[in-house]
$ cat my_file-v2.cif   # mmCIF, C-alpha atoms
data_my_file
loop_
_atom_site.label_atom_id
_atom_site.label_comp_id
_atom_site.auth_asym_id
_atom_site.auth_seq_id
_atom_site.Cartn_x
_atom_site.Cartn_y
_atom_site.Cartn_z
CA MET A 1 -36.02 -10.79 15.31
CA GLN A 2 -37.22 -14.41 15.63
CA GLN A 3 -37.43 -16.82 12.73
CA ASN A 4 -40.77 -18.54 12.10
CA SER A 5 -39.34 -21.78 10.74
CA VAL A 6 -36.01 -23.00 9.47
CA SER A 7 -34.86 -25.80 7.21
CA PRO A 8 -31.70 -27.89 7.73
CA GLN A 9 -30.19 -26.30 4.60
CA TYR A 10 -30.76 -22.83 6.03
CA VAL A 11 -29.22 -23.78 9.38
CA ALA A 12 -26.16 -25.25 7.67
CA ALA A 13 -25.61 -22.15 5.51
CA GLU A 14 -26.08 -19.77 8.45
CA LEU A 15 -23.73 -21.71 10.73
CA LEU A 16 -21.06 -21.83 8.03
CA ALA A 17 -21.40 -18.09 7.39
CA ARG A 18 -21.10 -17.26 11.08
CA GLU A 19 -18.12 -19.59 11.51
CA GLN A 20 -16.37 -17.88 8.60
CA TRP A 21 -17.18 -14.48 10.13
CA ALA A 22 -15.60 -15.60 13.40
CA ASN A 23 -12.49 -16.61 11.43
CA HIS A 24 -12.47 -13.23 9.64
CA ASP A 25 -13.15 -14.90 6.28
CA PHE A 26 -15.60 -12.15 5.42
CA GLY A 27 -15.83 -12.75 1.68
CA ASN A 28 -16.93 -16.37 2.02
CA ALA A 29 -19.13 -15.45 4.98
CA ALA A 30 -20.98 -12.99 2.73
CA SER A 31 -21.43 -15.66 0.07
CA ASN A 32 -22.89 -18.18 2.52
CA ALA A 33 -25.07 -15.55 4.17
CA ARG A 34 -26.50 -14.83 0.71
CA SER A 35 -27.13 -18.56 0.23
CA ALA A 36 -28.92 -18.72 3.58
CA ALA A 37 -31.05 -15.71 2.62
CA GLU A 38 -32.01 -17.36 -0.67
CA ILE A 39 -32.98 -20.57 1.14
CA ALA A 40 -35.06 -18.55 3.61
CA MET A 41 -36.88 -16.84 0.77
CA THR A 42 -37.62 -20.19 -0.86
CA ASP A 43 -38.85 -21.50 2.51
CA GLY A 44 -41.20 -18.54 2.85
CA ASP A 45 -39.42 -17.15 5.93
CA PRO A 46 -39.06 -13.39 5.39
CA GLU A 47 -37.61 -12.76 8.84
CA ALA A 48 -34.78 -15.22 8.29
CA TRP A 49 -34.26 -13.68 4.84
CA TRP A 50 -33.94 -10.23 6.43
CA ASN A 51 -31.50 -11.43 9.09
CA MET A 52 -29.21 -13.15 6.60
CA THR A 53 -29.37 -10.34 4.07
CA PHE A 54 -28.38 -7.88 6.80
CA PHE A 55 -25.58 -10.24 7.85
CA GLN A 56 -24.45 -10.46 4.22
CA ALA A 57 -24.18 -6.68 4.14
CA GLU A 58 -22.20 -6.71 7.40
CA CYS A 59 -19.77 -9.21 5.88
CA LEU A 60 -19.37 -7.12 2.73
CA LEU A 61 -18.69 -4.05 4.86
CA ALA A 62 -16.04 -5.92 6.87
CA SER A 63 -14.37 -7.15 3.67
CA GLY A 64 -14.19 -3.64 2.20
CA GLU A 65 -16.80 -4.25 -0.51
CA PHE A 66 -18.42 -0.92 0.27
CA GLU A 67 -20.50 -0.32 -2.85
CA GLN A 68 -21.81 -3.89 -2.85
CA CYS A 69 -22.67 -3.51 0.84
CA ALA A 70 -24.58 -0.32 0.07
CA LEU A 71 -26.49 -2.08 -2.71
CA ILE A 72 -27.61 -4.86 -0.37
CA ALA A 73 -28.42 -2.45 2.47
CA ALA A 74 -30.51 -0.31 0.11
CA GLN A 75 -32.68 -3.38 -0.58
CA LEU A 76 -33.35 -3.70 3.15
CA VAL A 77 -34.41 -0.06 3.47
CA SER A 78 -37.44 -0.78 1.32
CA ALA A 79 -38.08 -4.29 2.68
CA PRO A 80 -41.53 -4.65 4.28
CA LEU A 81 -40.06 -5.94 7.54
CA VAL A 82 -38.18 -2.72 8.11
CA GLY A 83 -41.10 -0.76 9.48
CA GLY A 84 -39.82 -0.01 12.97
CA GLY A 85 -37.43 2.76 13.80
CA GLN A 86 -34.76 0.47 15.22
CA LEU A 87 -34.52 -1.72 12.14
CA GLN A 88 -34.59 1.24 9.78
CA ALA A 89 -31.87 2.89 11.85
CA ARG A 90 -29.67 -0.23 11.79
CA VAL A 91 -29.85 -0.39 8.01
CA ARG A 92 -29.17 3.31 7.57
CA ILE A 93 -26.17 3.08 9.90
CA MET A 94 -24.89 0.29 7.66
CA LEU A 95 -25.45 2.47 4.60
CA SER A 96 -23.62 5.35 6.24
CA LYS A 97 -20.58 3.20 6.95
CA ALA A 98 -20.64 1.79 3.43
CA TRP A 99 -20.82 5.21 1.78
CA GLN A 100 -18.09 6.49 4.08
CA GLY A 101 -15.88 3.59 3.07
CA ALA A 102 -16.64 4.29 -0.59
CA GLY A 103 -15.65 7.93 -0.10
CA LEU A 104 -19.14 9.35 -0.62
CA LEU A 105 -19.16 11.39 2.56
CA GLU A 106 -22.25 13.51 1.93
CA ARG A 107 -24.33 10.37 1.46
CA ALA A 108 -22.74 8.87 4.56
CA ALA A 109 -23.67 11.90 6.68
CA ASP A 110 -27.23 11.97 5.31
CA GLU A 111 -27.84 8.30 6.12
CA ALA A 112 -26.37 8.64 9.62
CA ARG A 113 -28.51 11.71 10.33
CA GLU A 114 -31.60 9.81 9.18
CA ALA A 115 -30.69 6.97 11.51
CA ALA A 116 -30.17 9.28 14.48
CA GLU A 117 -33.55 10.92 13.89
CA LEU A 118 -35.27 7.53 13.85
CA VAL A 119 -34.20 6.56 17.38
CA THR A 120 -34.91 8.84 20.31
CA ASP A 121 -36.32 6.49 22.94
CA GLU A 122 -34.15 5.44 25.86
CA ALA A 123 -34.73 1.85 24.81
CA ASP A 124 -32.83 2.62 21.61
CA ILE A 125 -29.77 4.04 23.38
CA GLU A 126 -27.18 1.78 21.74
CA ILE A 127 -28.59 2.27 18.25
CA ASN A 128 -28.80 6.02 18.89
CA VAL A 129 -25.15 6.10 19.96
CA THR A 130 -24.10 4.00 16.96
CA ALA A 131 -25.98 6.29 14.56
CA ARG A 132 -24.38 9.40 16.03
CA LEU A 133 -20.98 7.74 15.86
CA ALA A 134 -21.43 7.28 12.12
CA LEU A 135 -22.64 10.86 11.72
CA VAL A 136 -19.69 12.36 13.60
CA ALA A 137 -17.26 10.23 11.57
CA ALA A 138 -18.77 11.21 8.21
CA LEU A 139 -18.88 14.92 9.05
CA GLY A 140 -15.32 14.85 10.34
CA GLU A 141 -13.92 13.13 7.27
CA SER A 142 -15.77 15.52 4.95
CA GLY A 143 -14.08 18.46 6.67
CA LYS A 144 -17.20 19.84 8.37
CA MET A 145 -15.35 20.30 11.63
CA ASP A 146 -17.79 22.58 13.43
CA GLU A 147 -20.74 20.33 12.62
CA ALA A 148 -18.78 17.26 13.70
CA TRP A 149 -17.92 18.86 17.04
CA ALA A 150 -21.53 20.00 17.60
CA GLU A 151 -22.79 16.47 16.91
CA SER A 152 -20.11 14.99 19.16
CA LEU A 153 -21.39 17.10 22.06
CA ILE A 154 -24.87 15.66 21.45
CA LEU A 155 -23.27 12.21 21.45
CA ALA A 156 -21.57 12.98 24.77
CA ASP A 157 -24.98 13.78 26.26
CA VAL A 158 -26.53 10.59 24.86
CA ILE A 159 -24.02 8.08 26.21
CA SER A 160 -24.62 6.66 29.67
CA ALA A 161 -23.54 3.90 32.01
CA GLU A 162 -26.07 1.63 30.29
CA VAL A 163 -23.95 1.55 27.13
CA ASP A 164 -21.71 -1.46 26.55
CA ASP A 165 -18.01 -0.78 27.29
CA GLN A 166 -16.92 -1.37 23.70
CA LEU A 167 -19.56 1.03 22.37
CA LEU A 168 -18.70 3.56 25.08
CA GLY A 169 -15.08 3.37 24.01
CA LYS A 170 -16.10 3.98 20.40
CA ALA A 171 -18.10 7.02 21.52
CA TYR A 172 -15.11 8.48 23.36
CA TRP A 173 -13.02 7.68 20.30
CA ALA A 174 -15.38 9.54 17.94
CA ILE A 175 -15.68 12.56 20.26
CA GLY A 176 -11.90 12.69 20.49
CA ASN A 177 -11.63 12.55 16.70
CA ALA A 178 -14.04 15.47 16.35
CA ALA A 179 -12.06 17.43 18.93
CA PHE A 180 -8.78 16.83 17.10
CA LEU A 181 -10.29 17.73 13.74
CA SER A 182 -11.71 20.99 15.08
CA GLY A 183 -8.40 22.03 16.63
CA ARG A 184 -9.32 21.12 20.23
CA VAL A 185 -6.19 19.07 20.80
CA ASP A 186 -6.44 18.88 24.59
CA ASP A 187 -10.03 17.63 24.36
CA GLY A 188 -8.93 15.14 21.72
CA LEU A 189 -6.20 13.74 23.94
CA LEU A 190 -8.60 13.56 26.89
CA TYR A 191 -11.29 11.61 25.04
CA HIS A 192 -8.81 9.29 23.36
CA ASP A 193 -7.28 8.54 26.77
CA LEU A 194 -10.81 7.72 28.01
CA ALA A 195 -11.30 5.43 25.02
CA ALA A 196 -7.97 3.69 25.63
CA SER A 197 -8.93 3.03 29.26
CA THR A 198 -12.31 1.63 28.19
CA PHE A 199 -11.21 -0.72 25.41
CA SER A 200 -9.79 -4.10 26.41
CA PRO A 201 -7.23 -5.77 24.12
CA ALA A 202 -8.10 -9.07 25.78
CA ARG A 203 -11.76 -8.67 24.79
CA ASN A 204 -11.32 -7.47 21.21
CA LEU A 205 -7.82 -7.19 19.84
CA HIS A 206 -9.11 -6.07 16.43
CA VAL A 207 -10.83 -3.02 17.92
CA TRP A 208 -7.77 -2.33 20.07
CA ALA A 209 -5.52 -2.35 16.99
CA LYS A 210 -7.88 -0.19 14.96
CA PHE A 211 -8.27 2.34 17.78
CA ASN A 212 -4.54 2.70 18.36
CA SER A 213 -3.91 3.13 14.65
CA ALA A 214 -6.66 5.75 14.35
CA SER A 215 -5.60 7.56 17.54
CA ALA A 216 -2.03 7.74 16.24
CA ALA A 217 -3.34 9.24 12.99
CA MET A 218 -5.26 11.94 14.85
CA ARG A 219 -2.32 12.75 17.11
CA LEU A 220 0.00 12.98 14.13
CA ALA A 221 -2.44 15.22 12.23
CA ALA A 222 -2.35 17.54 15.26
CA GLU A 223 1.48 17.28 15.14
CA VAL A 224 1.55 15.58 18.53
CA ALA A 225 4.60 13.38 17.88
CA ASP A 226 5.34 12.33 21.45
CA ALA A 227 6.02 9.03 23.21
CA SER A 228 2.29 8.33 23.60
CA THR A 229 1.78 8.66 19.85
CA LEU A 230 4.65 6.28 19.17
CA ARG A 231 3.14 3.78 21.63
CA CYS A 232 -0.15 3.94 19.70
CA ILE A 233 1.70 3.17 16.46
CA GLU A 234 3.61 0.30 18.02
CA ARG A 235 0.52 -1.20 19.71
CA ALA A 236 -1.38 -1.21 16.42
CA GLU A 237 1.52 -2.78 14.56
CA LEU A 238 2.03 -5.43 17.25
CA ALA A 239 -1.67 -6.33 17.37
CA THR A 240 -1.77 -6.63 13.59
CA ASP A 241 1.29 -8.91 13.66
CA VAL A 242 -0.66 -11.18 16.03
CA ILE A 243 -4.09 -11.23 14.39
CA GLY A 244 -3.46 -10.03 10.86
CA GLY A 245 -5.27 -7.13 9.29
CA SER A 246 -7.13 -5.93 6.24
CA GLU A 247 -5.28 -4.37 3.33
CA GLU A 248 -6.70 -0.98 4.28
CA GLY A 249 -5.65 -1.41 7.91
CA VAL A 250 -2.08 -2.27 6.97
CA LEU A 251 -1.90 0.73 4.62
CA LEU A 252 -3.21 3.03 7.37
CA GLN A 253 -0.49 1.81 9.71
CA LYS A 254 2.08 2.46 7.01
CA LEU A 255 0.61 5.95 6.60
CA ASN A 256 1.11 6.55 10.32
CA ARG A 257 4.75 5.46 10.12
CA GLY A 258 5.26 7.72 7.12
CA HIS A 259 3.69 10.64 8.96
CA TRP A 260 5.83 9.93 12.02
CA ASN A 261 8.95 9.95 9.81
CA TYR A 262 7.89 13.26 8.26
CA LEU A 263 7.41 14.96 11.62
CA ALA A 264 10.73 13.52 12.82
CA GLY A 265 12.50 15.08 9.83
CA ASP A 266 13.18 11.76 8.11
CA TRP A 267 11.76 12.97 4.82
CA ALA A 268 13.40 10.24 2.72
CA GLY A 269 11.82 7.57 4.93
CA ALA A 270 8.49 9.36 4.68
CA VAL A 271 8.66 9.55 0.89
CA GLU A 272 9.48 5.84 0.64
CA LEU A 273 6.52 4.72 2.74
CA LEU A 274 4.02 7.27 1.46
CA GLY A 275 5.04 6.64 -2.14
CA GLU A 276 4.10 2.97 -1.73
CA ILE A 277 0.69 3.98 -0.38
CA CYS A 278 -0.07 6.49 -3.11
CA CYS A 279 0.71 3.90 -5.79
CA ASP A 280 -1.95 1.60 -4.27
CA ALA A 281 -5.03 3.63 -5.20
CA GLU A 282 -7.32 0.60 -4.90
CA GLY A 283 -6.50 -0.10 -1.27
CA LEU A 284 -7.85 3.06 0.35
CA PRO A 285 -10.95 5.27 0.15
CA PRO A 286 -10.29 8.58 -1.64
CA GLN A 287 -10.29 10.74 1.49
CA THR A 288 -7.52 8.63 3.06
CA LEU A 289 -5.56 8.41 -0.18
CA GLY A 290 -5.83 12.20 -0.34
CA GLU A 291 -4.25 12.46 3.12
CA ALA A 292 -1.37 10.21 2.03
CA CYS A 293 -0.77 12.20 -1.17
CA LEU A 294 -0.94 15.50 0.70
CA LEU A 295 1.68 14.34 3.17
CA LEU A 296 3.82 12.87 0.39
CA GLY A 297 3.72 16.17 -1.49
CA ARG A 298 4.84 18.03 1.63
CA ALA A 299 7.68 15.54 2.13
CA ASN A 300 8.69 15.97 -1.53
CA ALA A 301 8.76 19.73 -1.02
CA ALA A 302 10.86 19.40 2.12
CA MET A 303 13.43 17.44 0.09
CA GLY A 304 13.40 20.06 -2.66
CA ASP A 305 11.68 17.86 -5.26
CA LEU A 306 9.16 20.48 -6.36
CA GLU A 307 7.94 18.63 -9.46
CA ALA A 308 6.96 15.57 -7.42
CA ALA A 309 5.50 17.83 -4.73
CA GLN A 310 3.21 19.55 -7.22
CA GLU A 311 2.14 16.26 -8.76
CA ASN A 312 1.22 14.68 -5.41
CA LEU A 313 -0.46 17.79 -4.02
CA GLN A 314 -2.65 18.00 -7.12
CA LYS A 315 -3.48 14.31 -6.74
CA ALA A 316 -4.41 14.98 -3.11
CA ALA A 317 -6.77 17.79 -4.12
CA ASP A 318 -8.40 15.54 -6.73
CA GLN A 319 -8.92 12.72 -4.21
CA PHE A 320 -10.46 15.07 -1.65
CA GLU A 321 -12.83 16.45 -4.28
CA ALA A 322 -13.86 12.91 -5.25
CA ALA A 323 -14.59 12.17 -1.59
CA GLY A 324 -16.78 15.24 -1.14
CA ALA A 325 -14.29 16.98 1.17
CA PRO A 326 -13.87 20.41 -0.47
CA GLN A 327 -12.24 22.02 2.57
CA ARG A 328 -9.43 19.49 2.51
CA ALA A 329 -9.13 19.92 -1.27
CA ASP A 330 -8.71 23.67 -0.76
CA GLN A 331 -6.00 23.04 1.81
CA ALA A 332 -4.13 20.82 -0.66
CA ARG A 333 -4.39 23.58 -3.28
CA GLU A 334 -2.96 26.09 -0.80
CA TYR A 335 0.11 23.90 -0.38
CA LEU A 336 0.23 23.50 -4.18
CA ALA A 337 0.15 27.27 -4.71
CA ALA A 338 2.97 27.69 -2.22
CA GLU A 339 5.15 25.29 -4.22
CA ALA A 340 4.30 26.77 -7.63
#
$ encode --input "my_file-v2.cif" --output "structure tokens"
Amino acid sequence: MQQNSVSPQYVAAELLAREQWANHDFGNAASNARSAAEIAMTDGDPEAWWNMTFFQAECLLASGEFEQCALIAAQLVSAPLVGGGQLQARVRIMLSKAWQGAGLLERAADEAREAAELVTDEADIEINVTARLALVAALGESGKMDEAWAESLILADVISAEVDDQLLGKAYWAIGNAAFLSGRVDDGLLYHDLAASTFSPARNLHVWAKFNSASAAMRLAAEVADASTLRCIERAELATDVIGGSEEGVLLQKLNRGHWNYLAGDWAGAVELLGEICCDAEGLPPQTLGEACLLLGRANAAMGDLEAAQENLQKAADQFEAAGAPQRADQAREYLAAEA
């Protein structure tokens, strides 16, 4: 989208925001993007306003301000400039990611499905893939495994050689996640191996770290605690040591280590790590906190601490319910009933 005219004040605010984004200072980048948008509105440049408002929402998403991101993105849905399918789809993808981060998985799936339906032309291939990525992720986290796998097969048909390598890697990653979540472990390993061969740590170390952390989580959930899983954990930890990471990212890596300890029979080590995570309710979305509490409750039970096990399993069920993942909540209650 081209800007009609720009003022020096707008240029300065935009450049500062983008520099802060490049330095992963997402909070200040969001603030300066908002300033740029306000200047653009004063200057009578609606296109520049739209660009900077969208960038503000991107910054808020990256900084973990999910509800604020959704609020800004919702303004763009009704903005006059968003008349074309591509722009509408981009905003709805943003909304889907924001609602997923906030733990509102039904909303996340609805927005991603809307986005996917808006883009069907070959010219929209990357936006189509991105929309379906968000849809598969939201369905998977909400426990709708069959739907997630069905959508992932559509995604597999959509991707092509025209798709950027990083996006192709994310598609393989999402399809692998859906396979793991639906019990297709071999397919999950296959697609995650494809993703690993597509991503380049030299090109984007942040994506490399996030993928290895997420792949380890999926492998561990499938109880694949082999050398490859340990390498994923170690790669993610090493990359984060180099580049730093968000609070949520660090907690997810700690969750992986705790899960690894649990599967290795080091229940005391698992309880120590998972207990730290479950005390930090503000750092994770409810569906992920539910996973940590579920695993902690199982580790408590393995150590014979039934009171703590019941407390943490109930907390897990509550978190899954809050996230709109009733199937996972039911699973937590099954473990709870077994320890009653």
$ closest_atom_pairs --input "my_file-v2.cif" --of "range 142-198 of chain A" --to "range 102-105 of chain A" --cutoff "12 Å" --atoms "all atoms listed in the file" --output "Markdown table"
| residue | atom | partner | partner_atom | distance |
| --- | --- | --- | --- | --- |
| A:Ser142 | CA | A:Leu105 | CA | 5.9 |
| A:Gly143 | CA | A:Leu105 | CA | 9.6 |
| A:Lys144 | CA | A:Leu105 | CA | 10.4 |
$ resolve_selection --input "my_file-v2.cif" --expression "the PyMOL selection byres ((chain A and resi 155) around 8)" --output "count of residues only"
13
$ atom_distance --input "my_file-v2.cif" --atom1 "CA of Trp149 in chain A" --atom2 "CA of Cys232 in chain A"
23.4 Å
$ resolve_selection --input "my_file-v2.cif" --expression "the PyMOL selection byres ((chain A and resi 306) around 12)" --output "VMD selection string"
chain A and resid 296 to 305 307 to 313 335 to 340
$ residues_around --input "my_file-v2.cif" --residues "Gly249 in chain A" --least-positions-apart "6" --cutoff "9 Å" --atoms "only C-alpha atoms" --output "list in words"
Lys210, Ser213 and Thr240 of chain A
$ closest_residue --input "my_file-v2.cif" --among "A:Gly169, A:Gly324, A:Gly176, A:Gly85" --to "Ser215 in chain A" --atoms "all atoms listed in the file"
A:Gly176
$ residues_around --input "my_file-v2.cif" --residues "Arg113 in chain A" --least-positions-apart "4" --cutoff "12 Å" --atoms "all atoms listed in the file" --output "list of chain:residue names"
A:Ala89, A:Arg92, A:Ile93, A:Leu95, A:Ser96, A:Glu106, A:Arg107, A:Ala108, A:Ala109, A:Glu117, A:Leu118, A:Val119, A:Asn128, A:Val129, A:Thr130, A:Ala131, A:Arg132, A:Leu133, A:Ala134, A:Leu135, A:Val136, A:Ala137, A:Ala138, A:Leu139, A:Glu147, A:Ala148, A:Glu151
$ atom_distance --input "my_file-v2.cif" --atom1 "CA of Glu47 in chain A" --atom2 "CA of Ala17 in chain A"
17.1 Å
$ resolve_selection --input "my_file-v2.cif" --expression "the PyMOL selection byres ((chain A and resi 291) around 9)" --output "VMD selection string"
chain A and resid 255 286 to 290 292 to 296 316 319 to 320 328
$ axis_aligned_box --input "my_file-v2.cif" --around "range 20-26 of chain A" --padding-each-side "4 Å" --output "lines of an AutoDock Vina configuration file"
center_x = -14.8
center_y = -15.0
center_z = 9.4
size_x = 12.7
size_y = 13.7
size_z = 16.0
$ atom_distance --input "my_file-v2.cif" --atom1 "CA of Leu190 in chain A" --atom2 "CA of Trp173 in chain A"
9.9 Å
$ residues_around --input "my_file-v2.cif" --residues "Arg184 in chain A" --least-positions-apart "3" --cutoff "12 Å" --atoms "all atoms listed in the file" --output "list in words"
Met145, Asp146, Trp149, Ile175, Gly176, Asn177, Ala178, Ala179, Phe180, Leu181, Asp187, Gly188, Leu189, Leu190, Tyr191, Met218, Arg219 and Ala222 of chain A
$ closest_residue --input "my_file-v2.cif" --among "A:Gln88, A:Thr229, A:Thr198, A:Gln20" --to "Asn212 in chain A" --atoms "all atoms listed in the file"
A:Thr229
$ closest_residue --input "my_file-v2.cif" --among "A:Gly101, A:Pro201, A:Gly275, A:Gly245" --to "Gln68 in chain A" --atoms "only C-alpha atoms"
A:Gly101
$ decode --input "my_file-v2.cif" --residues "range 307-340 of chain A" --atoms "C-alpha atoms" --output "PDB file, in the first residue's frame"
ATOM      1  CA  GLU A 307      -3.009 -33.640  47.656  1.00  0.00           C
ATOM      2  CA  ALA A 308      -0.744 -31.553  45.419  1.00  0.00           C
ATOM      3  CA  ALA A 309      -1.643 -33.762  42.452  1.00  0.00           C
ATOM      4  CA  GLN A 310      -5.360 -33.119  42.919  1.00  0.00           C
ATOM      5  CA  GLU A 311      -4.826 -29.390  43.357  1.00  0.00           C
ATOM      6  CA  ASN A 312      -2.747 -29.038  40.183  1.00  0.00           C
ATOM      7  CA  LEU A 313      -4.949 -31.307  38.078  1.00  0.00           C
ATOM      8  CA  GLN A 314      -8.002 -29.262  39.049  1.00  0.00           C
ATOM      9  CA  LYS A 315      -6.105 -26.084  38.170  1.00  0.00           C
ATOM     10  CA  ALA A 316      -5.244 -27.633  34.798  1.00  0.00           C
ATOM     11  CA  ALA A 317      -8.905 -28.416  34.107  1.00  0.00           C
ATOM     12  CA  ASP A 318      -9.883 -24.844  35.020  1.00  0.00           C
ATOM     13  CA  GLN A 319      -7.236 -23.356  32.715  1.00  0.00           C
ATOM     14  CA  PHE A 320      -8.305 -25.545  29.798  1.00  0.00           C
ATOM     15  CA  GLU A 321     -11.925 -24.537  30.311  1.00  0.00           C
ATOM     16  CA  ALA A 322     -10.932 -20.862  30.342  1.00  0.00           C
ATOM     17  CA  ALA A 323      -9.083 -21.385  27.061  1.00  0.00           C
ATOM     18  CA  GLY A 324     -12.054 -23.024  25.358  1.00  0.00           C
ATOM     19  CA  ALA A 325     -10.384 -26.454  25.210  1.00  0.00           C
ATOM     20  CA  PRO A 326     -13.023 -28.735  26.785  1.00  0.00           C
ATOM     21  CA  GLN A 327     -11.441 -31.966  25.521  1.00  0.00           C
ATOM     22  CA  ARG A 328      -8.211 -31.188  27.345  1.00  0.00           C
ATOM     23  CA  ALA A 329     -10.202 -30.178  30.436  1.00  0.00           C
ATOM     24  CA  ASP A 330     -11.931 -33.570  30.369  1.00  0.00           C
ATOM     25  CA  GLN A 331      -8.573 -35.300  30.136  1.00  0.00           C
ATOM     26  CA  ALA A 332      -7.335 -33.399  33.197  1.00  0.00           C
ATOM     27  CA  ARG A 333     -10.476 -34.453  35.077  1.00  0.00           C
ATOM     28  CA  GLU A 334      -9.847 -38.085  34.132  1.00  0.00           C
ATOM     29  CA  TYR A 335      -6.417 -37.895  35.746  1.00  0.00           C
ATOM     30  CA  LEU A 336      -8.033 -36.127  38.726  1.00  0.00           C
ATOM     31  CA  ALA A 337     -10.611 -38.893  39.143  1.00  0.00           C
ATOM     32  CA  ALA A 338      -7.862 -41.491  39.047  1.00  0.00           C
ATOM     33  CA  GLU A 339      -6.085 -39.770  41.945  1.00  0.00           C
ATOM     34  CA  ALA A 340      -9.226 -39.216  44.038  1.00  0.00           C
TER      35      ALA A 340
END
